[in-house]
file coords_6.txt (compact mmCIF, C-alpha atoms)
# COMPACT_ATOMS: atom_id res chain seq x y z
CA MET W 1 40.75 -133.21 108.85
CA GLY W 2 43.61 -134.95 110.56
CA SER W 3 42.61 -136.79 113.65
CA THR W 4 45.96 -136.47 115.31
CA GLN W 5 46.17 -132.72 115.10
CA GLU W 6 45.68 -131.02 118.43
CA PRO W 7 43.14 -128.23 118.51
CA ARG W 8 44.68 -124.84 118.06
CA ALA W 9 44.17 -122.37 120.85
CA ASP W 10 43.53 -119.24 118.87
CA SER W 11 42.55 -117.22 121.85
CA ALA W 12 44.58 -116.20 124.85
CA GLU W 13 43.02 -119.00 126.86
CA GLN W 14 44.80 -122.29 126.93
CA THR W 15 42.89 -125.14 125.46
CA PRO W 16 43.21 -128.09 127.80
CA PRO W 17 46.05 -130.17 126.44
CA SER W 18 44.49 -133.47 127.36
CA ILE W 19 41.09 -134.92 126.84
CA PRO W 20 38.82 -134.44 129.83
CA THR W 21 38.84 -137.87 131.32
CA SER W 22 35.38 -138.37 132.64
CA ARG W 23 31.94 -136.89 133.09
CA GLN W 24 31.58 -133.16 133.61
CA GLU W 25 33.89 -133.19 136.58
CA ASN W 26 35.71 -130.17 135.35
CA PRO W 27 33.22 -127.87 133.70
CA ASN W 28 35.23 -124.80 134.60
CA GLU W 29 37.78 -125.69 132.00
CA TYR W 30 35.43 -124.35 129.39
CA GLN W 31 34.12 -121.48 131.45
CA GLU W 32 36.13 -118.97 129.47
CA PHE W 33 34.03 -119.62 126.41
CA VAL W 34 30.84 -118.37 128.01
CA PRO W 35 31.33 -114.72 127.01
CA LEU W 36 32.10 -115.82 123.48
CA PHE W 37 28.66 -117.32 123.11
CA ARG W 38 27.13 -113.99 124.01
CA ARG W 39 29.32 -112.24 121.51
CA LEU W 40 28.37 -114.80 118.90
CA ALA W 41 24.69 -114.01 119.48
CA ASP W 42 25.32 -110.28 119.34
CA ALA W 43 23.69 -109.12 116.15
CA SER W 44 25.63 -105.87 116.09
CA ARG W 45 28.82 -107.71 115.26
CA THR W 46 29.84 -108.19 111.67
CA ALA W 47 29.43 -111.53 110.00
CA GLU W 48 33.18 -111.77 109.82
CA GLU W 49 33.63 -111.27 113.55
CA ARG W 50 30.97 -113.81 114.28
CA ALA W 51 32.51 -116.35 111.95
CA SER W 52 35.79 -116.00 113.76
CA ILE W 53 34.12 -116.34 117.18
CA ARG W 54 32.27 -119.41 115.94
CA GLU W 55 35.52 -120.90 114.76
CA ARG W 56 37.13 -120.28 118.13
CA LEU W 57 34.24 -121.89 119.93
CA ILE W 58 34.36 -124.95 117.72
CA THR W 59 38.11 -125.30 117.95
CA GLY W 60 38.10 -124.71 121.67
CA HIS W 61 35.57 -127.42 122.32
CA LEU W 62 37.12 -130.00 120.01
CA PRO W 63 38.58 -131.99 122.91
CA ILE W 64 35.02 -132.72 124.02
CA ALA W 65 34.07 -134.04 120.58
CA ARG W 66 37.17 -136.22 120.55
CA HIS W 67 36.52 -137.44 124.02
CA ILE W 68 33.02 -138.53 123.10
CA ALA W 69 34.21 -140.12 119.85
CA ARG W 70 36.79 -142.13 121.75
CA ARG W 71 34.18 -143.52 124.08
CA PHE W 72 32.73 -145.22 121.01
CA ARG W 73 35.90 -146.65 119.60
CA ASN W 74 36.53 -150.37 119.27
CA ARG W 75 33.03 -150.87 118.09
CA GLY W 76 33.92 -151.54 114.50
CA GLN W 77 33.94 -148.01 113.14
CA ARG W 78 37.07 -146.10 112.25
CA GLU W 79 38.05 -143.69 114.98
CA GLU W 80 38.80 -141.04 112.39
CA ASP W 81 35.23 -141.21 111.12
CA LEU W 82 33.87 -141.11 114.64
CA ILE W 83 35.84 -137.97 115.42
CA GLN W 84 34.56 -136.35 112.25
CA VAL W 85 30.99 -137.26 113.14
CA ALA W 86 31.41 -135.97 116.68
CA THR W 87 32.88 -132.75 115.31
CA VAL W 88 29.82 -132.29 113.13
CA GLY W 89 27.75 -132.76 116.29
CA LEU W 90 29.83 -130.11 118.01
CA ILE W 91 29.37 -127.66 115.15
CA ASN W 92 25.62 -128.23 115.31
CA ALA W 93 25.71 -127.67 119.04
CA VAL W 94 27.62 -124.40 118.68
CA ASP W 95 25.21 -123.21 116.01
CA ARG W 96 22.10 -124.15 117.90
CA PHE W 97 23.10 -123.19 121.41
CA ASP W 98 21.13 -120.30 122.82
CA ALA W 99 23.21 -118.51 125.43
CA GLU W 100 20.25 -116.36 126.42
CA ARG W 101 18.48 -119.32 127.91
CA GLY W 102 21.00 -119.37 130.67
CA SER W 103 21.82 -123.03 130.36
CA ASP W 104 25.36 -124.19 130.17
CA PHE W 105 26.88 -125.12 126.83
CA LEU W 106 28.39 -128.42 127.92
CA SER W 107 25.12 -129.81 129.13
CA PHE W 108 23.68 -128.94 125.74
CA ALA W 109 26.66 -130.03 123.66
CA VAL W 110 27.37 -133.42 125.21
CA PRO W 111 23.97 -134.94 124.38
CA THR W 112 23.98 -133.27 120.95
CA ILE W 113 27.38 -134.73 120.07
CA THR W 114 26.57 -138.12 121.59
CA GLY W 115 23.33 -138.17 119.63
CA GLU W 116 25.18 -137.51 116.40
CA VAL W 117 27.61 -140.35 117.08
CA ARG W 118 24.81 -142.71 118.03
CA ARG W 119 22.95 -141.83 114.90
CA TYR W 120 26.04 -142.66 112.92
CA PHE W 121 26.23 -146.05 114.56
CA ARG W 122 22.60 -146.66 113.92
CA ASP W 123 23.15 -145.90 110.24
CA ALA W 124 26.44 -147.70 109.95
CA THR W 125 26.15 -150.85 111.97
CA TRP W 126 26.26 -154.16 110.17
CA SER W 127 22.64 -155.08 109.90
CA VAL W 128 23.22 -158.57 108.61
CA HIS W 129 25.44 -161.21 110.01
CA VAL W 130 28.79 -160.83 108.33
CA PRO W 131 31.76 -163.05 109.18
CA ARG W 132 34.57 -161.34 110.99
CA ARG W 133 36.97 -161.95 108.12
CA LEU W 134 34.73 -160.00 105.77
CA LYS W 135 34.28 -157.16 108.22
CA GLU W 136 38.01 -156.84 108.52
CA LEU W 137 38.48 -157.10 104.79
CA HIS W 138 35.90 -154.40 104.30
CA SER W 139 37.47 -152.12 106.84
CA LYS W 140 40.89 -152.57 105.18
CA ILE W 141 39.39 -151.76 101.80
CA SER W 142 37.56 -148.77 103.19
CA THR W 143 40.76 -147.24 104.54
CA THR W 144 42.51 -147.86 101.23
CA VAL W 145 39.65 -146.33 99.26
CA THR W 146 40.00 -143.12 101.24
CA ALA W 147 43.76 -143.00 100.74
CA LEU W 148 43.60 -143.84 97.04
CA SER W 149 40.86 -141.29 96.43
CA GLN W 150 43.11 -138.64 97.81
CA ASP W 151 46.05 -139.70 95.67
CA LEU W 152 44.06 -140.16 92.48
CA GLY W 153 41.63 -137.29 92.87
CA ARG W 154 38.79 -139.69 92.00
CA SER W 155 37.43 -142.89 93.43
CA PRO W 156 39.55 -145.98 92.80
CA ARG W 157 38.70 -148.98 90.67
CA PRO W 158 38.60 -152.47 92.17
CA LYS W 159 41.89 -153.47 90.51
CA GLU W 160 43.63 -150.42 91.90
CA ILE W 161 42.46 -151.36 95.38
CA ALA W 162 43.67 -154.94 94.90
CA THR W 163 47.10 -153.77 93.77
CA GLU W 164 47.40 -151.33 96.63
CA LEU W 165 46.48 -153.95 99.23
CA GLY W 166 48.33 -156.80 97.54
CA ILE W 167 45.23 -159.00 97.54
CA SER W 168 43.28 -160.59 94.71
CA VAL W 169 40.64 -158.61 92.92
CA GLU W 170 38.13 -161.33 93.83
CA GLU W 171 38.71 -160.51 97.47
CA VAL W 172 38.11 -156.86 96.72
CA TYR W 173 34.77 -157.73 95.08
CA GLU W 174 33.87 -159.78 98.11
CA GLY W 175 34.83 -157.09 100.60
CA LEU W 176 32.99 -154.41 98.67
CA GLN W 177 29.83 -156.49 98.37
CA ALA W 178 29.94 -157.14 102.10
CA GLY W 179 30.10 -153.41 102.67
CA TYR W 180 27.25 -152.70 100.32
CA ALA W 181 25.17 -155.42 101.95
CA TYR W 182 25.26 -153.95 105.38
CA ARG W 183 24.08 -150.49 104.50
CA SER W 184 20.48 -149.69 104.27
CA ASP W 185 19.84 -148.45 100.80
CA SER W 186 17.08 -146.06 100.07
CA LEU W 187 14.45 -148.62 99.19
CA ASP W 188 15.41 -151.11 101.88
CA GLY W 189 15.33 -148.47 104.55
CA ALA W 190 11.83 -147.44 103.66
CA ASP W 191 10.85 -151.07 103.66
CA ASP W 192 12.12 -151.67 107.17
CA ASP W 193 10.20 -148.81 108.60
CA GLU W 194 6.98 -149.66 106.92
CA SER W 195 7.10 -153.40 106.93
CA SER W 196 4.51 -153.71 109.65
CA GLY W 197 1.87 -151.54 108.02
CA ALA W 198 -0.26 -152.15 105.00
CA SER W 199 1.66 -149.50 103.20
CA SER W 200 3.20 -151.41 100.36
CA SER W 201 1.28 -149.30 97.93
CA ARG W 202 2.82 -146.17 99.24
CA TYR W 203 5.13 -145.61 96.35
CA GLY W 204 2.19 -145.77 94.06
CA GLU W 205 0.27 -143.12 95.90
CA LEU W 206 3.26 -140.94 96.27
CA ASP W 207 4.33 -141.08 92.70
CA GLU W 208 0.86 -140.60 91.34
CA ARG W 209 0.26 -137.51 93.34
CA LEU W 210 3.51 -136.05 92.20
CA THR W 211 3.28 -136.88 88.57
CA MET W 212 4.06 -133.95 86.35
CA VAL W 213 5.21 -131.78 89.19
CA GLU W 214 8.27 -129.86 88.26
CA ASP W 215 10.65 -132.28 89.83
CA ARG W 216 13.66 -130.18 90.49
CA GLU W 217 11.73 -127.56 92.39
CA THR W 218 9.92 -130.15 94.40
CA LEU W 219 13.14 -131.80 95.34
CA ALA W 220 14.64 -128.48 96.32
CA SER W 221 11.66 -127.62 98.49
CA VAL W 222 11.60 -130.91 100.36
CA LEU W 223 15.29 -130.68 101.07
CA THR W 224 14.37 -128.52 104.03
CA VAL W 225 13.26 -131.61 105.93
CA LEU W 226 16.81 -132.86 105.99
CA PRO W 227 19.44 -131.75 108.47
CA GLU W 228 21.58 -129.02 106.98
CA ARG W 229 24.54 -131.23 106.21
CA GLU W 230 22.47 -133.94 104.54
CA ALA W 231 20.59 -131.36 102.49
CA ALA W 232 23.93 -129.94 101.39
CA ILE W 233 25.16 -133.38 100.40
CA VAL W 234 22.02 -134.13 98.39
CA ALA W 235 22.28 -130.76 96.67
CA MET W 236 25.94 -131.28 95.86
CA ARG W 237 25.23 -134.71 94.45
CA PHE W 238 22.13 -133.99 92.41
CA PHE W 239 22.30 -130.29 91.63
CA GLU W 240 26.01 -129.70 91.40
CA ASN W 241 26.72 -133.18 90.09
CA LEU W 242 29.69 -133.75 92.34
CA THR W 243 30.79 -137.34 92.82
CA GLN W 244 30.61 -138.94 96.25
CA THR W 245 34.38 -138.72 96.50
CA GLN W 246 34.35 -135.01 95.75
CA ILE W 247 31.60 -134.47 98.31
CA ALA W 248 33.51 -136.54 100.85
CA GLN W 249 36.53 -134.32 100.40
CA ARG W 250 34.46 -131.20 100.67
CA VAL W 251 32.63 -132.09 103.84
CA GLY W 252 35.47 -134.01 105.46
CA LEU W 253 33.83 -137.41 105.71
CA SER W 254 34.75 -140.72 104.14
CA GLN W 255 33.17 -141.58 100.82
CA MET W 256 31.41 -144.54 102.40
CA HIS W 257 29.90 -142.30 105.02
CA VAL W 258 28.74 -139.89 102.34
CA SER W 259 27.23 -142.83 100.53
CA ARG W 260 25.33 -143.90 103.64
CA LEU W 261 24.10 -140.38 104.30
CA LEU W 262 22.93 -140.06 100.71
CA SER W 263 20.99 -143.32 100.84
CA ALA W 264 19.41 -142.40 104.14
CA SER W 265 18.54 -138.94 102.85
CA VAL W 266 16.90 -140.28 99.71
CA ALA W 267 14.86 -142.61 101.93
CA THR W 268 13.80 -139.67 104.09
CA LEU W 269 12.90 -137.62 101.05
CA ARG W 270 10.86 -140.46 99.66
CA LYS W 271 8.86 -140.64 102.86
CA THR W 272 8.47 -136.90 103.10
CA MET W 273 7.27 -136.59 99.56
CA SER W 274 4.71 -139.26 100.19
CA ASN W 275 3.43 -137.18 103.08
CA THR W 276 3.43 -133.88 101.31
CA PRO W 277 -0.16 -132.81 100.80
CA THR W 278 -0.96 -131.62 97.34
CA ALA W 279 -3.14 -128.66 96.52
CA GLU W 280 -6.34 -130.60 96.05
CA ARG W 281 -6.03 -132.66 99.21
CA MET H 1 -5.43 -164.32 85.97
CA ASN H 2 -2.35 -166.29 85.20
CA GLU H 3 -2.11 -165.18 81.63
CA GLN H 4 -2.50 -161.63 82.69
CA TRP H 5 0.52 -161.42 84.87
CA GLN H 6 2.56 -163.64 82.71
CA ARG H 7 2.43 -161.09 79.95
CA ASP H 8 5.50 -159.15 80.62
CA SER H 9 7.25 -157.10 78.20
CA VAL H 10 8.80 -155.95 75.15
CA THR H 11 12.30 -156.91 76.16
CA GLU H 12 11.09 -160.47 75.81
CA SER H 13 11.70 -160.41 72.13
CA ALA H 14 14.66 -158.09 72.01
CA PRO H 15 17.87 -159.91 71.17
CA PHE H 16 20.63 -159.83 73.71
CA ARG H 17 23.63 -157.69 73.11
CA ARG H 18 27.08 -158.71 74.22
CA HIS H 19 27.47 -158.19 78.00
CA GLU H 20 23.75 -157.80 78.46
CA VAL H 21 22.03 -159.59 81.31
CA GLU H 22 18.33 -159.83 81.93
CA LEU H 23 16.63 -160.50 85.19
CA ARG H 24 12.96 -161.29 85.53
CA THR H 25 11.14 -161.40 88.79
CA LEU H 26 7.79 -160.70 90.30
CA ALA H 27 7.61 -156.98 90.86
CA ALA H 28 8.19 -156.71 94.59
CA ARG H 29 10.38 -154.59 96.73
CA GLU H 30 12.05 -157.60 98.29
CA GLN H 31 13.63 -158.29 94.92
CA VAL H 32 15.34 -154.94 94.61
CA PRO H 33 18.43 -155.79 96.71
CA GLY H 34 19.05 -158.76 94.43
CA VAL H 35 18.87 -156.63 91.32
CA ARG H 36 21.14 -154.07 92.90
CA ALA H 37 23.65 -156.72 93.98
CA LEU H 38 23.76 -158.11 90.47
CA ALA H 39 24.36 -154.66 89.01
CA THR H 40 27.11 -154.05 91.56
CA GLU H 41 28.82 -157.30 90.73
CA LEU H 42 28.72 -156.63 87.00
CA ALA H 43 30.04 -153.11 87.51
CA MET H 44 32.90 -154.19 89.75
CA ARG H 45 33.92 -156.88 87.33
CA GLU H 46 34.16 -154.23 84.64
CA ASP H 47 36.59 -152.47 86.97
CA ILE H 48 34.38 -149.42 87.16
CA ASP H 49 35.43 -146.86 89.76
CA LEU H 50 33.54 -146.92 93.03
CA ASP H 51 31.75 -143.60 92.64
CA SER H 52 30.28 -144.84 89.38
CA VAL H 53 29.36 -148.15 91.04
CA GLU H 54 27.42 -146.13 93.61
CA ASP H 55 25.70 -144.23 90.83
CA ILE H 56 24.70 -147.45 89.11
CA ARG H 57 23.27 -148.80 92.37
CA LEU H 58 21.32 -145.63 92.91
CA ALA H 59 20.02 -145.72 89.34
CA VAL H 60 18.90 -149.34 89.75
CA ASP H 61 17.03 -148.36 92.90
CA GLU H 62 15.24 -145.50 91.26
CA VAL H 63 14.38 -147.45 88.14
CA CYS H 64 12.91 -150.14 90.39
CA ALA H 65 11.01 -147.55 92.43
CA ILE H 66 9.38 -146.18 89.29
CA MET H 67 8.54 -149.64 88.01
CA LEU H 68 7.11 -150.82 91.33
CA ALA H 69 4.98 -147.72 91.59
CA ASN H 70 3.22 -148.82 88.44
CA SER H 71 3.03 -152.49 89.05
CA MET H 72 0.06 -154.59 89.85
CA THR H 73 0.34 -157.44 92.29
CA ASP H 74 2.09 -160.37 90.69
CA THR H 75 3.34 -158.45 87.72
CA VAL H 76 6.59 -159.49 86.13
CA LEU H 77 9.33 -156.94 86.22
CA ALA H 78 12.01 -157.38 83.60
CA ILE H 79 15.28 -155.55 83.99
CA ARG H 80 18.13 -155.60 81.56
CA LEU H 81 21.57 -154.52 82.54
CA LEU H 82 24.28 -153.71 80.10
CA ILE H 83 27.28 -152.63 82.08
CA THR H 84 30.70 -152.14 80.57
CA GLY H 85 33.58 -149.82 81.23
CA GLU H 86 32.32 -147.71 78.35
CA HIS H 87 28.62 -147.59 78.77
CA VAL H 88 25.85 -148.40 81.20
CA GLU H 89 22.30 -149.09 80.22
CA ILE H 90 19.48 -150.10 82.50
CA SER H 91 16.19 -150.89 80.87
CA ALA H 92 13.11 -152.06 82.60
CA SER H 93 9.64 -152.94 81.59
CA ILE H 94 6.48 -153.90 83.31
CA ALA H 95 2.89 -154.69 82.38
CA LEU H 96 0.86 -151.60 83.05
CA ARG H 97 -2.46 -151.21 84.76
CA ASP H 98 -5.15 -151.02 82.18
CA ASP H 99 -6.14 -147.47 82.78
CA GLY H 100 -4.28 -144.26 83.16
CA GLU H 101 -0.87 -143.00 82.42
CA PRO H 102 2.15 -144.37 84.19
CA ALA H 103 3.15 -142.46 87.27
CA VAL H 104 6.69 -141.28 87.41
CA GLY H 105 7.61 -139.76 90.73
CA SER H 106 9.51 -136.54 90.73
CA LEU H 107 12.08 -137.70 93.24
CA SER H 108 13.06 -140.74 91.21
CA LEU H 109 12.99 -138.70 88.07
CA SER H 110 15.26 -135.97 89.30
CA ILE H 111 17.72 -138.46 90.69
CA LEU H 112 17.77 -140.46 87.48
CA ARG H 113 18.12 -137.37 85.34
CA SER H 114 21.09 -136.25 87.32
CA LEU H 115 22.75 -139.63 86.78
CA ALA H 116 21.83 -140.26 83.16
CA ASP H 117 22.99 -139.06 79.81
CA THR H 118 19.68 -140.12 78.40
CA LEU H 119 16.51 -141.18 80.11
CA ASP H 120 13.45 -142.29 78.21
CA TYR H 121 10.19 -143.81 79.27
CA TRP H 122 7.17 -144.69 77.26
CA THR H 123 4.22 -146.98 77.07
CA SER H 124 3.50 -149.38 74.28
CA GLY H 125 0.78 -151.75 73.29
CA ASP H 126 -2.85 -151.17 74.15
CA GLY H 127 -5.73 -152.63 76.09
CA ASP H 128 -4.52 -155.28 78.49
CA LYS H 129 -1.27 -155.57 76.61
CA ARG H 130 0.04 -152.23 77.62
CA SER H 131 3.49 -152.09 79.04
CA PHE H 132 5.59 -149.38 80.53
CA GLN H 133 9.24 -149.11 79.69
CA LEU H 134 12.16 -147.09 80.79
CA THR H 135 15.71 -146.86 79.60
CA PHE H 136 18.51 -145.23 81.47
CA ALA H 137 21.80 -144.75 79.65
CA ARG H 138 25.06 -143.25 80.63
CA SER H 139 28.48 -143.16 79.12
CA MET H 140 31.22 -144.20 81.52
CA ARG H 141 33.88 -142.22 79.74
CA ARG H 142 33.21 -139.02 81.63
CA ALA H 143 33.77 -140.80 84.91
CA ALA H 144 37.01 -142.30 83.71
CA SER H 145 38.41 -139.00 82.57
CA SER H 146 37.40 -136.95 85.59

call {"tool": "encode", "arguments": {"input": "coords_6.txt", "output": "structure tokens"}}
result
Amino acid sequence: MGSTQEPRADSAEQTPPSIPTSRQENPNEYQEFVPLFRRLADASRTAEERASIRERLITGHLPIARHIARRFRNRGQREEDLIQVATVGLINAVDRFDAERGSDFLSFAVPTITGEVRRYFRDATWSVHVPRRLKELHSKISTTVTALSQDLGRSPRPKEIATELGISVEEVYEGLQAGYAYRSDSLDGADDDESSGASSSRYGELDERLTMVEDRETLASVLTVLPEREAAIVAMRFFENLTQTQIAQRVGLSQMHVSRLLSASVATLRKTMSNTPTAER
Amino acid sequence: MNEQWQRDSVTESAPFRRHEVELRTLAAREQVPGVRALATELAMREDIDLDSVEDIRLAVDEVCAIMLANSMTDTVLAIRLLITGEHVEISASIALRDDGEPAVGSLSLSILRSLADTLDYWTSGDGDKRSFQLTFARSMRRAASS
């Protein structure tokens, strides 16, 4: 999704041309969407109608997602990624908003979108001290990886990245390792959360209890603990065998973000499976 | 006690193949990032595409998770990595608890199966010489052609 593209106003209403500048000082701007939420909830409408209403609601509220994303810029994450994350938050907000409760959409959407962006930061922030040069190198590489993936239709090789950027392949190795180092991988993540407890044997318990269980079905059933998007990504990766680059293109995120979400999801699954009671317990 | 955890594994006697690297460490979660970083470095230097590098990292994690689940305190974990642009093989072995069958978690297993062309695990030896081994293999050609 292009970050520069202005939201389309599909309906008769005019989408505000500029980003709302601060707070909810102008909530009336979005007042015209209120009836749409009721129509969206109206079960007598066809799925097709509802899909089109949903689309209009999402598109119409995009300026809010962008506005929130921009509040978080200059914090070391690509603005394009932030806008994508905020848009995902907006879609969740549209899907989960209950117009019948009488509350106003904006007061529901703003914290939902902000939460999504914060969560992204929590997952994506450099957790180890990395020199500025490496951070910049990594961010340059990351942008190039996205561009090259699109051109090549697959993820690039280190030499291809080096050629594209006009830097040495050693620098590419270094930048990539820096990037890998700052993410929490599935085992590290679990470690962080449990480091205080006497739970180092947890894997053992978990794996013993699950021995011989039909693994694919178990995995499918625990996927429900993940947010919809993460569950979809895990399913695409492990059931459909798509590569991270293919998934990234499908869901409109960068490959590195997909990679982070996958690692975090596997960590969540690991924890969930260790908490899943078995029949005899 | 010492002798017991010093007994490690079968890979001890296996000759090295070209490009093969072995890493031995006490079986502990803190060591996993090091193993993963080594695998990443080897993969990048083979100019393997980044999606496949991610897959290799994930496979290393899961292999380690399975091994650690079966490890006793102070057991030696041996991991061999053979990573080339053609073929990736991760084999691991660990001294097994005296009793019972090795536990292989379904999560790790389904992830590894989805990444591997072949995945084998078995125990060998008996009594207090039992060890648990696992080999993950995958051809890199499919990634290159896709």

call {"tool": "atom_distance", "arguments": {"input": "coords_6.txt", "atom1": "CA of His257 (chain W)", "atom2": "CA of Thr84 (chain H)"}}
result
26.4 Å

call {"tool": "atom_distance", "arguments": {"input": "coords_6.txt", "atom1": "CA of Ile113 (chain W)", "atom2": "CA of Ala86 (chain W)"}}
result
5.4 Å

call {"tool": "closest_residue", "arguments": {"input": "coords_6.txt", "among": "W:Val117, W:Leu223, W:Val234, W:Leu134", "to": "Gln77 (chain W)", "atoms": "all atoms listed in the file"}}
result
W:Val117

call {"tool": "atom_distance", "arguments": {"input": "coords_6.txt", "atom1": "CA of Thr268 (chain W)", "atom2": "CA of Glu240 (chain W)"}}
result
20.2 Å

call {"tool": "residues_around", "arguments": {"input": "coords_6.txt", "residues": "Phe136 (chain H)", "least_positions_apart": "6", "cutoff": "6 Å", "atoms": "only C-alpha atoms", "output": "list in words"}}
result
Glu89, Ile90 and Leu119 of chain H

call {"tool": "closest_atom_pairs", "arguments": {"input": "coords_6.txt", "of": "chain H", "to": "chain W", "cutoff": "6 Å", "atoms": "only C-alpha atoms", "output": "JSON lines"}}
result
{"residue": "H:Asp47", "atom": "CA", "partner": "W:Arg157", "partner_atom": "CA", "distance": 5.5}
{"residue": "H:Ile48", "atom": "CA", "partner": "W:Arg157", "partner_atom": "CA", "distance": 5.6}
{"residue": "H:Asp49", "atom": "CA", "partner": "W:Arg157", "partner_atom": "CA", "distance": 4.0}
{"residue": "H:Leu50", "atom": "CA", "partner": "W:Ser155", "partner_atom": "CA", "distance": 5.6}
{"residue": "H:Asp51", "atom": "CA", "partner": "W:Ser155", "partner_atom": "CA", "distance": 5.8}
{"residue": "H:Ala69", "atom": "CA", "partner": "W:Gly204", "partner_atom": "CA", "distance": 4.2}
{"residue": "H:Ala103", "atom": "CA", "partner": "W:Glu208", "partner_atom": "CA", "distance": 5.0}
{"residue": "H:Val104", "atom": "CA", "partner": "W:Thr211", "partner_atom": "CA", "distance": 5.7}
{"residue": "H:Gly105", "atom": "CA", "partner": "W:Asp207", "partner_atom": "CA", "distance": 4.0}
{"residue": "H:Ser106", "atom": "CA", "partner": "W:Asp215", "partner_atom": "CA", "distance": 4.5}
{"residue": "H:Ser110", "atom": "CA", "partner": "W:Asp215", "partner_atom": "CA", "distance": 5.9}
{"residue": "H:Ser114", "atom": "CA", "partner": "W:Phe238", "partner_atom": "CA", "distance": 5.7}

call {"tool": "residues_around", "arguments": {"input": "coords_6.txt", "residues": "Val94 (chain W)", "least_positions_apart": "2", "cutoff": "12 Å", "atoms": "all atoms listed in the file", "output": "MDAnalysis selection string"}}
result
chainID W and resid 33:34 36:38 40:41 50:51 53:62 65 87:92 96:99 104:106 108:110 112:113

call {"tool": "closest_residue", "arguments": {"input": "coords_6.txt", "among": "H:Ala39, H:Leu58, H:Met140, H:Leu68", "to": "Val21 (chain H)", "atoms": "all atoms listed in the file"}}
result
H:Ala39
